[in-house]
>>> print(open('target-v8.cif').read())   # mmCIF, C-alpha atoms and all ligand atoms
data_entry
loop_
_atom_site.label_atom_id
_atom_site.label_comp_id
_atom_site.auth_asym_id
_atom_site.auth_seq_id
_atom_site.Cartn_x
_atom_site.Cartn_y
_atom_site.Cartn_z
CA MET A 148 -107.49 -25.46 92.57
CA PRO A 149 -109.40 -24.73 89.36
CA GLN A 150 -112.42 -26.92 90.15
CA LEU A 151 -113.03 -29.81 92.51
CA PRO A 152 -113.39 -33.23 90.87
CA ALA A 153 -116.78 -34.89 91.30
CA LEU A 154 -117.18 -37.03 94.41
CA GLU A 155 -117.68 -40.18 92.28
CA ASP A 156 -114.33 -39.52 90.60
CA LEU A 157 -112.66 -39.04 93.98
CA LEU A 158 -114.06 -42.33 95.21
CA ASP A 159 -113.21 -44.15 92.00
CA GLU A 160 -109.91 -45.43 93.35
CA VAL A 161 -109.54 -45.17 97.11
CA HIS A 162 -107.28 -47.27 99.34
CA VAL A 163 -107.59 -47.13 103.12
CA VAL A 164 -104.50 -48.60 104.74
CA THR A 165 -103.21 -49.15 108.28
CA LEU A 166 -99.46 -48.72 108.69
CA PRO A 167 -97.98 -50.43 111.76
CA MET A 168 -95.34 -48.33 113.55
CA ARG A 169 -92.02 -49.42 115.01
CA VAL A 170 -92.10 -46.66 117.59
CA ARG A 171 -94.96 -45.02 119.41
CA PHE A 172 -95.35 -41.42 118.18
CA ARG A 173 -98.05 -38.94 119.30
CA GLY A 174 -99.42 -41.91 121.27
CA ILE A 175 -100.04 -43.71 117.97
CA THR A 176 -98.94 -47.29 117.20
CA HIS A 177 -100.83 -47.61 113.89
CA ARG A 178 -101.28 -44.83 111.34
CA GLU A 179 -104.33 -44.95 109.08
CA VAL A 180 -104.20 -43.10 105.75
CA VAL A 181 -106.40 -42.89 102.68
CA LEU A 182 -104.75 -42.83 99.26
CA LEU A 183 -106.53 -41.44 96.19
CA ARG A 184 -105.45 -41.86 92.60
CA GLY A 185 -106.23 -39.14 90.07
CA PRO A 186 -105.00 -38.03 86.66
CA ALA A 187 -101.94 -36.24 88.12
CA GLY A 188 -100.85 -39.02 90.48
CA TRP A 189 -101.50 -40.08 94.07
CA GLY A 190 -102.78 -38.04 96.98
CA GLU A 191 -103.02 -38.73 100.71
CA PHE A 192 -105.93 -37.91 103.04
CA ALA A 193 -104.96 -38.63 106.64
CA PRO A 194 -106.15 -36.07 109.20
CA PHE A 195 -105.63 -37.41 112.73
CA PRO A 196 -108.77 -39.25 113.91
CA GLU A 197 -109.68 -36.65 116.56
CA TYR A 198 -109.70 -33.71 114.11
CA ALA A 199 -113.10 -32.23 113.22
CA ASP A 200 -114.37 -32.13 109.63
CA ASP A 201 -113.76 -28.38 109.17
CA GLU A 202 -110.07 -28.77 109.96
CA SER A 203 -109.81 -32.10 108.09
CA ALA A 204 -111.22 -30.57 104.89
CA ALA A 205 -107.87 -28.82 104.29
CA TRP A 206 -106.19 -32.24 104.28
CA LEU A 207 -108.65 -33.42 101.62
CA HIS A 208 -107.95 -30.32 99.55
CA SER A 209 -104.27 -31.21 99.72
CA ALA A 210 -104.93 -34.82 98.60
CA ILE A 211 -107.03 -33.63 95.67
CA GLU A 212 -104.36 -31.15 94.59
CA ALA A 213 -101.74 -33.91 94.57
CA ALA A 214 -103.87 -36.35 92.56
CA TRP A 215 -105.71 -33.94 90.22
CA THR A 216 -103.42 -30.90 89.78
CA GLY A 217 -99.88 -32.01 90.60
CA PHE A 218 -96.99 -29.93 91.89
CA PRO A 219 -94.98 -26.98 90.56
CA GLU A 220 -91.51 -27.32 89.04
CA PRO A 221 -88.97 -27.96 91.80
CA VAL A 222 -85.88 -25.78 92.18
CA ARG A 223 -83.85 -28.53 93.91
CA THR A 224 -83.67 -32.32 93.55
CA ARG A 225 -82.83 -33.27 97.14
CA VAL A 226 -83.92 -31.93 100.52
CA ALA A 227 -81.94 -32.07 103.78
CA VAL A 228 -83.98 -33.79 106.45
CA ASN A 229 -83.71 -33.90 110.24
CA ALA A 230 -83.65 -37.09 112.29
CA THR A 231 -86.84 -37.18 114.39
CA VAL A 232 -86.43 -38.61 117.88
CA PRO A 233 -89.67 -39.53 119.68
CA ALA A 234 -89.86 -39.30 123.48
CA VAL A 235 -87.88 -42.53 123.90
CA ALA A 236 -85.44 -43.60 126.63
CA PRO A 237 -81.79 -42.58 126.06
CA SER A 238 -80.89 -46.24 125.47
CA GLN A 239 -83.17 -46.29 122.41
CA VAL A 240 -81.64 -43.17 120.84
CA PRO A 241 -78.94 -44.97 118.76
CA ALA A 242 -81.54 -47.30 117.20
CA VAL A 243 -83.77 -44.33 116.29
CA LEU A 244 -80.88 -42.33 114.80
CA ALA A 245 -79.79 -45.35 112.73
CA ARG A 246 -82.90 -44.77 110.58
CA PHE A 247 -81.56 -41.34 109.49
CA PRO A 248 -78.13 -42.03 108.00
CA GLY A 249 -76.06 -38.90 107.49
CA ALA A 250 -78.55 -36.54 109.15
CA GLN A 251 -76.79 -33.37 110.34
CA THR A 252 -79.73 -32.17 112.43
CA ALA A 253 -81.88 -33.95 115.00
CA LYS A 254 -85.29 -32.94 116.25
CA VAL A 255 -86.00 -34.29 119.73
CA LYS A 256 -89.48 -34.55 121.22
CA VAL A 257 -89.66 -33.14 124.77
CA ALA A 258 -92.33 -32.26 127.36
CA GLU A 259 -94.02 -35.63 126.87
CA LYS A 260 -96.92 -36.26 129.27
CA GLY A 261 -95.83 -38.43 132.19
CA GLN A 262 -92.14 -37.56 131.75
CA SER A 263 -89.94 -34.98 133.46
CA LEU A 264 -87.33 -32.40 132.44
CA VAL A 265 -84.65 -34.88 133.54
CA ASP A 266 -85.90 -37.31 130.88
CA ASP A 267 -85.66 -34.55 128.27
CA VAL A 268 -82.14 -33.54 129.36
CA ARG A 269 -80.93 -37.15 129.19
CA ARG A 270 -82.55 -37.77 125.79
CA VAL A 271 -81.09 -34.56 124.30
CA ALA A 272 -77.64 -35.42 125.71
CA ALA A 273 -77.82 -38.91 124.19
CA VAL A 274 -78.72 -37.42 120.80
CA ARG A 275 -75.94 -34.79 120.93
CA GLU A 276 -73.34 -37.56 121.27
CA HIS A 277 -74.22 -38.50 117.66
CA ILE A 278 -75.68 -35.32 116.15
CA PRO A 279 -74.59 -32.06 117.78
CA ASN A 280 -77.12 -29.81 115.99
CA VAL A 281 -80.33 -30.35 117.99
CA ARG A 282 -83.74 -28.69 117.78
CA ILE A 283 -86.47 -29.68 120.21
CA ASP A 284 -90.27 -29.89 119.87
CA ALA A 285 -92.48 -29.54 122.96
CA ASN A 286 -95.81 -29.62 121.06
CA GLY A 287 -97.11 -26.82 123.28
CA GLY A 288 -96.55 -28.90 126.42
CA TRP A 289 -95.00 -26.23 128.68
CA THR A 290 -96.26 -23.18 130.52
CA VAL A 291 -94.13 -20.04 130.05
CA GLU A 292 -92.34 -20.66 133.36
CA GLU A 293 -91.67 -24.31 132.49
CA ALA A 294 -90.45 -23.36 129.03
CA VAL A 295 -88.03 -20.71 130.29
CA ARG A 296 -86.56 -23.11 132.84
CA ALA A 297 -86.43 -26.09 130.46
CA LEU A 298 -84.87 -24.11 127.61
CA CYS A 299 -82.21 -22.66 129.94
CA VAL A 300 -81.33 -26.15 131.18
CA LEU A 301 -81.40 -27.72 127.70
CA SER A 302 -79.13 -25.01 126.27
CA ALA A 303 -76.72 -24.84 129.24
CA ASP A 304 -74.01 -27.04 127.68
CA ALA A 305 -74.63 -26.45 123.97
CA PRO A 306 -76.98 -24.19 122.00
CA LEU A 307 -80.30 -25.41 120.64
CA GLU A 308 -80.90 -24.80 116.95
CA TYR A 309 -84.45 -23.75 117.93
CA ALA A 310 -87.33 -24.69 120.21
CA GLU A 311 -90.54 -25.67 118.39
CA GLN A 312 -93.88 -24.76 119.96
CA PRO A 313 -92.66 -24.62 123.58
CA CYS A 314 -96.11 -23.40 124.70
CA ALA A 315 -99.58 -23.74 123.22
CA SER A 316 -100.71 -20.14 122.63
CA VAL A 317 -99.30 -17.33 120.49
CA GLU A 318 -99.27 -15.02 123.53
CA GLU A 319 -97.09 -17.50 125.42
CA LEU A 320 -94.68 -17.84 122.48
CA VAL A 321 -94.32 -14.04 122.42
CA GLU A 322 -93.55 -14.06 126.14
CA VAL A 323 -90.98 -16.89 125.90
CA ARG A 324 -89.25 -15.05 123.05
CA ARG A 325 -89.15 -11.87 125.13
CA ARG A 326 -87.69 -13.69 128.14
CA LEU A 327 -85.14 -15.73 126.14
CA PRO A 328 -84.02 -13.52 123.25
CA GLU A 329 -81.00 -15.75 122.55
CA ILE A 330 -83.09 -18.89 121.84
CA ARG A 331 -84.92 -19.16 118.52
CA ILE A 332 -88.60 -20.13 118.76
CA ALA A 333 -90.39 -22.05 116.00
CA ALA A 334 -94.16 -22.10 115.58
CA ASP A 335 -95.88 -25.28 114.39
CA GLU A 336 -99.39 -25.75 115.85
CA SER A 337 -99.71 -21.93 116.03
CA ILE A 338 -99.52 -21.97 112.23
CA ARG A 339 -101.12 -25.21 111.09
CA ARG A 340 -104.03 -25.26 113.57
CA ALA A 341 -104.72 -21.51 113.66
CA ASP A 342 -107.61 -19.77 111.93
CA ASP A 343 -105.08 -17.15 110.88
CA PRO A 344 -101.65 -18.74 110.25
CA LEU A 345 -99.96 -15.32 109.97
CA ARG A 346 -101.07 -14.08 113.37
CA VAL A 347 -98.12 -15.64 115.23
CA ALA A 348 -95.74 -13.79 112.88
CA ARG A 349 -97.57 -10.45 113.21
CA MET A 350 -97.53 -10.79 117.02
CA GLY A 351 -93.79 -11.52 117.07
CA GLY A 352 -94.11 -15.09 118.33
CA LEU A 353 -91.60 -16.87 116.09
CA ASP A 354 -88.10 -16.96 114.62
CA VAL A 355 -88.74 -20.05 112.46
CA ALA A 356 -91.96 -21.14 110.72
CA VAL A 357 -92.81 -24.86 110.57
CA VAL A 358 -95.15 -25.47 107.65
CA LYS A 359 -96.99 -28.68 106.72
CA VAL A 360 -98.62 -29.43 103.39
CA ALA A 361 -101.78 -31.31 104.36
CA PRO A 362 -103.01 -29.15 107.29
CA LEU A 363 -102.41 -25.99 105.23
CA GLY A 364 -104.48 -27.34 102.32
CA GLY A 365 -101.76 -28.33 99.85
CA VAL A 366 -98.47 -27.36 98.24
CA GLN A 367 -99.85 -24.18 96.59
CA ALA A 368 -101.35 -23.03 99.89
CA LEU A 369 -98.03 -23.65 101.62
CA LEU A 370 -96.13 -21.71 98.95
CA SER A 371 -98.56 -18.82 99.19
CA LEU A 372 -98.17 -18.76 102.98
CA ALA A 373 -94.38 -18.75 102.40
CA THR A 374 -94.82 -15.62 100.25
CA ASP A 375 -96.94 -13.98 102.95
CA LEU A 376 -94.25 -14.79 105.53
CA GLU A 377 -91.44 -13.25 103.45
CA PRO A 378 -91.73 -9.77 105.00
CA PHE A 379 -91.12 -11.30 108.44
CA GLY A 380 -87.76 -12.72 107.35
CA VAL A 381 -88.17 -16.06 109.14
CA PRO A 382 -86.72 -19.28 107.69
CA LEU A 383 -89.18 -22.07 106.86
CA VAL A 384 -89.04 -25.74 107.79
CA VAL A 385 -91.34 -28.08 105.86
CA SER A 386 -92.42 -30.92 108.10
CA SER A 387 -94.67 -33.97 107.86
CA ALA A 388 -97.73 -35.08 109.75
CA LEU A 389 -96.52 -38.66 110.05
CA ASP A 390 -97.34 -39.13 106.38
CA SER A 391 -96.98 -42.26 104.30
CA ALA A 392 -94.54 -42.15 101.37
CA VAL A 393 -97.28 -40.52 99.26
CA GLY A 394 -97.90 -37.65 101.69
CA MET A 395 -94.16 -37.31 102.21
CA SER A 396 -93.66 -36.79 98.47
CA ALA A 397 -95.98 -33.77 98.68
CA GLY A 398 -93.89 -32.38 101.54
CA LEU A 399 -90.73 -32.96 99.54
CA ALA A 400 -92.32 -31.26 96.51
CA ALA A 401 -93.16 -28.21 98.64
CA ALA A 402 -89.67 -28.09 100.15
CA ALA A 403 -88.18 -28.45 96.67
CA SER A 404 -90.20 -25.48 95.39
CA LEU A 405 -89.39 -22.96 98.13
CA PRO A 406 -87.05 -20.28 96.81
CA ASN A 407 -85.07 -20.26 100.09
CA LEU A 408 -84.46 -23.32 102.22
CA GLU A 409 -81.68 -23.05 104.78
CA LEU A 410 -82.79 -25.46 107.51
CA ALA A 411 -83.32 -29.24 107.43
CA CYS A 412 -86.93 -30.33 106.95
CA GLY A 413 -88.94 -32.75 109.12
CA LEU A 414 -89.74 -35.20 106.33
CA GLY A 415 -87.83 -38.29 107.43
CA THR A 416 -90.38 -40.16 109.55
CA GLY A 417 -91.14 -42.78 106.87
CA GLY A 418 -88.79 -45.16 108.68
CA PHE A 419 -91.13 -45.12 111.69
CA PHE A 420 -93.46 -47.47 109.79
CA GLU A 421 -92.78 -51.18 109.80
CA THR A 422 -94.05 -51.15 106.23
CA ASP A 423 -94.83 -48.07 104.15
CA VAL A 424 -97.00 -47.97 101.00
CA ALA A 425 -93.89 -47.73 98.82
CA PRO A 426 -90.27 -48.76 99.42
CA THR A 427 -88.67 -46.49 102.04
CA PRO A 428 -86.65 -43.79 100.25
CA HIS A 429 -82.91 -43.87 100.81
CA PHE A 430 -81.12 -41.22 102.78
CA VAL A 431 -78.03 -39.91 101.03
CA ASP A 432 -75.93 -37.69 103.32
CA GLY A 433 -79.02 -36.85 105.33
CA THR A 434 -81.05 -35.85 102.27
CA LEU A 435 -84.09 -37.37 100.51
CA ALA A 436 -84.82 -37.27 96.79
CA VAL A 437 -87.73 -35.23 95.42
CA GLY A 438 -90.10 -36.91 92.98
CA PRO A 439 -93.40 -38.69 92.48
CA ILE A 440 -94.20 -41.81 94.50
CA ALA A 441 -96.35 -44.66 93.25
CA PRO A 442 -97.54 -46.99 95.97
CA ASP A 443 -96.91 -50.67 95.54
CA LEU A 444 -100.30 -52.31 94.91
CA LEU A 445 -99.29 -55.52 96.68
CA ARG A 446 -98.41 -53.51 99.77
CA LEU A 447 -101.72 -51.62 99.59
CA ARG A 448 -103.56 -54.93 99.59
CA ARG A 449 -101.49 -56.30 102.47
CA LEU A 450 -101.93 -53.10 104.50
CA ALA A 451 -105.66 -52.70 103.77
CA ALA A 452 -107.60 -51.41 106.79
CA ARG A 453 -110.44 -53.39 108.38
CA ASP A 454 -113.87 -52.96 106.74
CA ASP A 455 -115.30 -50.87 109.60
CA ARG A 456 -112.30 -48.53 109.47
CA THR A 457 -112.57 -48.26 105.68
CA ARG A 458 -116.23 -47.30 105.96
CA TRP A 459 -115.38 -44.75 108.67
CA TRP A 460 -112.75 -43.09 106.44
CA ILE A 461 -114.98 -43.01 103.35
CA GLU A 462 -117.76 -41.38 105.37
CA ARG A 463 -115.25 -38.85 106.71
CA LEU A 464 -113.98 -38.15 103.22
CA ARG A 465 -117.55 -37.52 102.02
CA ARG A 466 -118.19 -35.10 104.90
CA CYS A 467 -114.95 -33.22 104.21
CA TYR A 468 -115.84 -33.03 100.52
CA ALA A 469 -119.14 -31.43 101.54
CA VAL A 470 -117.20 -28.87 103.59
CA LEU A 471 -115.04 -28.05 100.54
CA THR A 472 -118.00 -27.64 98.22
CA SER A 473 -119.86 -25.41 100.72
CA ASP A 474 -116.65 -23.31 101.12
CA THR A 475 -116.47 -22.61 97.39
CA ALA A 476 -120.22 -21.86 97.23
CA THR A 477 -119.92 -19.00 99.75
O1 LIG A 501 -90.82 -32.60 112.17
C1 LIG A 501 -90.43 -33.78 112.20
O2 LIG A 501 -89.25 -34.07 112.39
C2 LIG A 501 -91.40 -34.92 112.02
C3 LIG A 501 -92.85 -34.59 112.10
C4 LIG A 501 -93.39 -34.33 113.47
O3 LIG A 501 -92.65 -34.10 114.39
C5 LIG A 501 -94.83 -34.41 113.69
C6 LIG A 501 -95.51 -35.48 113.13
C7 LIG A 501 -96.86 -35.65 113.33
C8 LIG A 501 -97.56 -34.74 114.08
C9 LIG A 501 -96.91 -33.64 114.66
C10 LIG A 501 -95.55 -33.47 114.46
C11 LIG A 501 -94.92 -32.21 115.02
O4 LIG A 501 -94.03 -31.60 114.44
O5 LIG A 501 -95.37 -31.73 116.04
MG MG A 502 -94.16 -29.82 115.92
#
>>> encode(input="target-v8.cif", output="structure tokens")
Amino acid sequence: MPQLPALEDLLDEVHVVTLPMRVRFRGITHREVVLLRGPAGWGEFAPFPEYADDESAAWLHSAIEAAWTGFPEPVRTRVAVNATVPAVAPSQVPAVLARFPGAQTAKVKVAEKGQSLVDDVRRVAAVREHIPNVRIDANGGWTVEEAVRALCVLSADAPLEYAEQPCASVEELVEVRRRLPEIRIAADESIRRADDPLRVARMGGLDVAVVKVAPLGGVQALLSLATDLEPFGVPLVVSSALDSAVGMSAGLAAAASLPNLELACGLGTGGFFETDVAPTPHFVDGTLAVGPIAPDLLRLRRLAARDDRTRWWIERLRRCYAVLTSDTAT
């Protein structure tokens, strides 16, 4: 980014909204996001509440880029998106998949706390009845032993497209890859929450790279990481962080700018909200359209967060801005 806008300009038009969710995801039933309006459009600042300011500053950088700089020219107009299936009971699977018309790929959450491998096997089987191409995401929930056993069981009847973050650490991902050479491993948290996002690739811990705009600091940062990953020859999957329609448009812009995109992206979770900040984009044959999103001002008013939450987010935004300005000073 050429230069950060002044804090007063950032705070000139800020909307803090609370989006109610239809399904529990990451233990969340309401998603709070901050929307900023700048000369280039709208940006979203929505680090998860438990994230520290240092990590959250990248999310602010991403919001500022969207609203003050804008995005590069896309090379495609639509992006294939996966259906995302939270850790629901098998009976709920058809209702979840109905929100992703035409999706050719499903991503199924597994290794949920309080559930067992049997729950995962049943959920994946229920999904495969509708969408045969399944990837799973364990969010680092397994040990190496658990991952090896679970991935063998889950791929016994049909292959998995890949397994995302089966274990928490890079070392464990390397070990799972060594033990199960026939199953592709994707890294998510090992990229977006790492001090060095390339380390997992250098160590040989991935076959697929999951990349997210906001945690990486914006579309340009994501594209530059994509360039750095080129020598490793791994396909990229652009995914969301449970973004509102505004954040999702940044993900779609990044996906639309990648020179190579062979796998479906994880940018279809907008339907998880009862109401989003803009009308829910339409799936056409499992794809979403790329393009700017303008939130509906009536919706923003209706979804406005409580005063105490608004103050909390503005304070957080100020602290993250201070992190960004101290970063550029050093
Ligand atoms: O990738 C997708 O299909 C949807 C996005 C998603 O799963 C997600 C959303 C919020 C936080 C973490 C994750 C994740 O990929 O682990
Ligand atoms: Mg993930």
>>> residues_near_ligand(input="target-v8.cif", ligand="ligand LIG 501 (chain A)", cutoff="6 Å", atoms="all atoms listed in the file", output="VMD selection string")
chain A and resid 229 231 254 286 386 to 389 413 to 414 416
>>> write_last_selection(input="target-v8.cif", atoms="C-alpha atoms", output="PDB file, in the coordinates of the input")
ATOM      1  CA  ASN A 229     -83.710 -33.900 110.240  1.00  0.00           C
ATOM      2  CA  THR A 231     -86.840 -37.180 114.390  1.00  0.00           C
ATOM      3  CA  LYS A 254     -85.290 -32.940 116.250  1.00  0.00           C
ATOM      4  CA  ASN A 286     -95.810 -29.620 121.060  1.00  0.00           C
ATOM      5  CA  SER A 386     -92.420 -30.920 108.100  1.00  0.00           C
ATOM      6  CA  SER A 387     -94.670 -33.970 107.860  1.00  0.00           C
ATOM      7  CA  ALA A 388     -97.730 -35.080 109.750  1.00  0.00           C
ATOM      8  CA  LEU A 389     -96.520 -38.660 110.050  1.00  0.00           C
ATOM      9  CA  GLY A 413     -88.940 -32.750 109.120  1.00  0.00           C
ATOM     10  CA  LEU A 414     -89.740 -35.200 106.330  1.00  0.00           C
ATOM     11  CA  THR A 416     -90.380 -40.160 109.550  1.00  0.00           C
TER      12      THR A 416
END
>>> closest_residue(input="target-v8.cif", among="A:Val222, A:Pro248, A:Arg456, A:Trp206", to="Arg339 (chain A)", atoms="all atoms listed in the file")
A:Trp206
>>> closest_residue(input="target-v8.cif", among="A:Asp474, A:Asp267, A:Ala392, A:Trp460", to="Pro426 (chain A)", atoms="all atoms listed in the file")
A:Ala392
>>> atom_distance(input="target-v8.cif", atom1="CA of Leu320 (chain A)", atom2="CA of Glu292 (chain A)")
11.5 Å
>>> closest_residue(input="target-v8.cif", among="A:Arg446, A:Arg453, A:Lys256, A:Arg340", to="Asp201 (chain A)", atoms="only C-alpha atoms")
A:Arg340
>>> residues_near_ligand(input="target-v8.cif", ligand="ligand MG 502 (chain A)", cutoff="12 Å", atoms="only C-alpha atoms and all ligand atoms", output="count of residues only")
47
>>> closest_residue(input="target-v8.cif", among="A:Arg225, A:Arg349, A:Arg178, A:His208", to="Leu363 (chain A)", atoms="all atoms listed in the file")
A:His208
>>> closest_residue(input="target-v8.cif", among="A:Met148, A:Ala368, A:Val240, A:Ala230", to="Asn280 (chain A)", atoms="only C-alpha atoms")
A:Ala230
>>> closest_residue(input="target-v8.cif", among="A:Glu308, A:Asp342, A:Asp354, A:Asp443", to="Ala411 (chain A)", atoms="only C-alpha atoms")
A:Glu308
>>> atom_distance(input="target-v8.cif", atom1="CA of Arg448 (chain A)", atom2="CA of Glu179 (chain A)")
13.8 Å
>>> atom_distance(input="target-v8.cif", atom1="CA of Ala214 (chain A)", atom2="CA of Leu158 (chain A)")
12.1 Å
>>> closest_atom_pairs(input="target-v8.cif", of="region 201-267 of chain A", to="region 437-440 of chain A", cutoff="8 Å", atoms="only C-alpha atoms", output="tab-separated table")
residue	atom	partner	partner_atom	distance
A:Arg223	CA	A:Val437	CA	7.9
A:Thr224	CA	A:Val437	CA	5.3
A:Arg225	CA	A:Val437	CA	5.6
A:Val226	CA	A:Val437	CA	7.2
>>> axis_aligned_box(input="target-v8.cif", around="region 369-381 of chain A", padding_each_side="3 Å", output="lines of an AutoDock Vina configuration file")
center_x = -93.2
center_y = -16.7
center_z = 104.0
size_x = 16.8
size_y = 19.9
size_z = 16.2
>>> decode(input="target-v8.cif", residues="region 201-218 of chain A", atoms="N, CA and C atoms", output="PDB file, in the first residue's frame")
ATOM      1  N   ASP A 201      -1.628  -7.750  17.138  1.00  0.00           N
ATOM      2  CA  ASP A 201      -0.566  -7.939  16.136  1.00  0.00           C
ATOM      3  C   ASP A 201      -1.079  -8.726  14.940  1.00  0.00           C
ATOM      4  N   GLU A 202      -1.773  -9.823  15.231  1.00  0.00           N
ATOM      5  CA  GLU A 202      -2.321 -10.666  14.172  1.00  0.00           C
ATOM      6  C   GLU A 202      -3.479  -9.952  13.470  1.00  0.00           C
ATOM      7  N   SER A 203      -4.300  -9.231  14.232  1.00  0.00           N
ATOM      8  CA  SER A 203      -5.486  -8.569  13.673  1.00  0.00           C
ATOM      9  C   SER A 203      -5.112  -7.401  12.769  1.00  0.00           C
ATOM     10  N   ALA A 204      -3.909  -6.845  12.946  1.00  0.00           N
ATOM     11  CA  ALA A 204      -3.490  -5.697  12.131  1.00  0.00           C
ATOM     12  C   ALA A 204      -3.463  -6.060  10.640  1.00  0.00           C
ATOM     13  N   ALA A 205      -3.121  -7.306  10.321  1.00  0.00           N
ATOM     14  CA  ALA A 205      -3.119  -7.732   8.909  1.00  0.00           C
ATOM     15  C   ALA A 205      -4.526  -7.627   8.322  1.00  0.00           C
ATOM     16  N   TRP A 206      -5.524  -7.935   9.128  1.00  0.00           N
ATOM     17  CA  TRP A 206      -6.921  -7.856   8.667  1.00  0.00           C
ATOM     18  C   TRP A 206      -7.292  -6.399   8.376  1.00  0.00           C
ATOM     19  N   LEU A 207      -6.774  -5.478   9.214  1.00  0.00           N
ATOM     20  CA  LEU A 207      -7.055  -4.062   8.966  1.00  0.00           C
ATOM     21  C   LEU A 207      -6.365  -3.607   7.684  1.00  0.00           C
ATOM     22  N   HIS A 208      -5.138  -4.071   7.486  1.00  0.00           N
ATOM     23  CA  HIS A 208      -4.416  -3.728   6.262  1.00  0.00           C
ATOM     24  C   HIS A 208      -5.233  -4.154   5.041  1.00  0.00           C
ATOM     25  N   SER A 209      -5.815  -5.332   5.134  1.00  0.00           N
ATOM     26  CA  SER A 209      -6.631  -5.857   4.034  1.00  0.00           C
ATOM     27  C   SER A 209      -7.869  -4.986   3.799  1.00  0.00           C
ATOM     28  N   ALA A 210      -8.519  -4.540   4.887  1.00  0.00           N
ATOM     29  CA  ALA A 210      -9.714  -3.686   4.761  1.00  0.00           C
ATOM     30  C   ALA A 210      -9.352  -2.353   4.118  1.00  0.00           C
ATOM     31  N   ILE A 211      -8.207  -1.806   4.520  1.00  0.00           N
ATOM     32  CA  ILE A 211      -7.778  -0.511   3.972  1.00  0.00           C
ATOM     33  C   ILE A 211      -7.443  -0.652   2.486  1.00  0.00           C
ATOM     34  N   GLU A 212      -6.777  -1.731   2.130  1.00  0.00           N
ATOM     35  CA  GLU A 212      -6.470  -1.957   0.702  1.00  0.00           C
ATOM     36  C   GLU A 212      -7.761  -1.968  -0.121  1.00  0.00           C
ATOM     37  N   ALA A 213      -8.766  -2.703   0.366  1.00  0.00           N
ATOM     38  CA  ALA A 213     -10.017  -2.821  -0.388  1.00  0.00           C
ATOM     39  C   ALA A 213     -10.678  -1.454  -0.572  1.00  0.00           C
ATOM     40  N   ALA A 214     -10.691  -0.643   0.488  1.00  0.00           N
ATOM     41  CA  ALA A 214     -11.449   0.612   0.456  1.00  0.00           C
ATOM     42  C   ALA A 214     -10.633   1.780  -0.109  1.00  0.00           C
ATOM     43  N   TRP A 215      -9.308   1.725  -0.020  1.00  0.00           N
ATOM     44  CA  TRP A 215      -8.492   2.866  -0.463  1.00  0.00           C
ATOM     45  C   TRP A 215      -7.684   2.599  -1.733  1.00  0.00           C
ATOM     46  N   THR A 216      -7.362   1.321  -2.014  1.00  0.00           N
ATOM     47  CA  THR A 216      -6.529   1.031  -3.191  1.00  0.00           C
ATOM     48  C   THR A 216      -7.322   0.295  -4.270  1.00  0.00           C
ATOM     49  N   GLY A 217      -8.166  -0.633  -3.862  1.00  0.00           N
ATOM     50  CA  GLY A 217      -8.906  -1.448  -4.829  1.00  0.00           C
ATOM     51  C   GLY A 217      -8.109  -2.670  -5.249  1.00  0.00           C
ATOM     52  N   PHE A 218      -8.650  -3.411  -6.202  1.00  0.00           N
ATOM     53  CA  PHE A 218      -8.081  -4.708  -6.575  1.00  0.00           C
ATOM     54  C   PHE A 218      -7.542  -4.690  -7.997  1.00  0.00           C
TER      55      PHE A 218
END
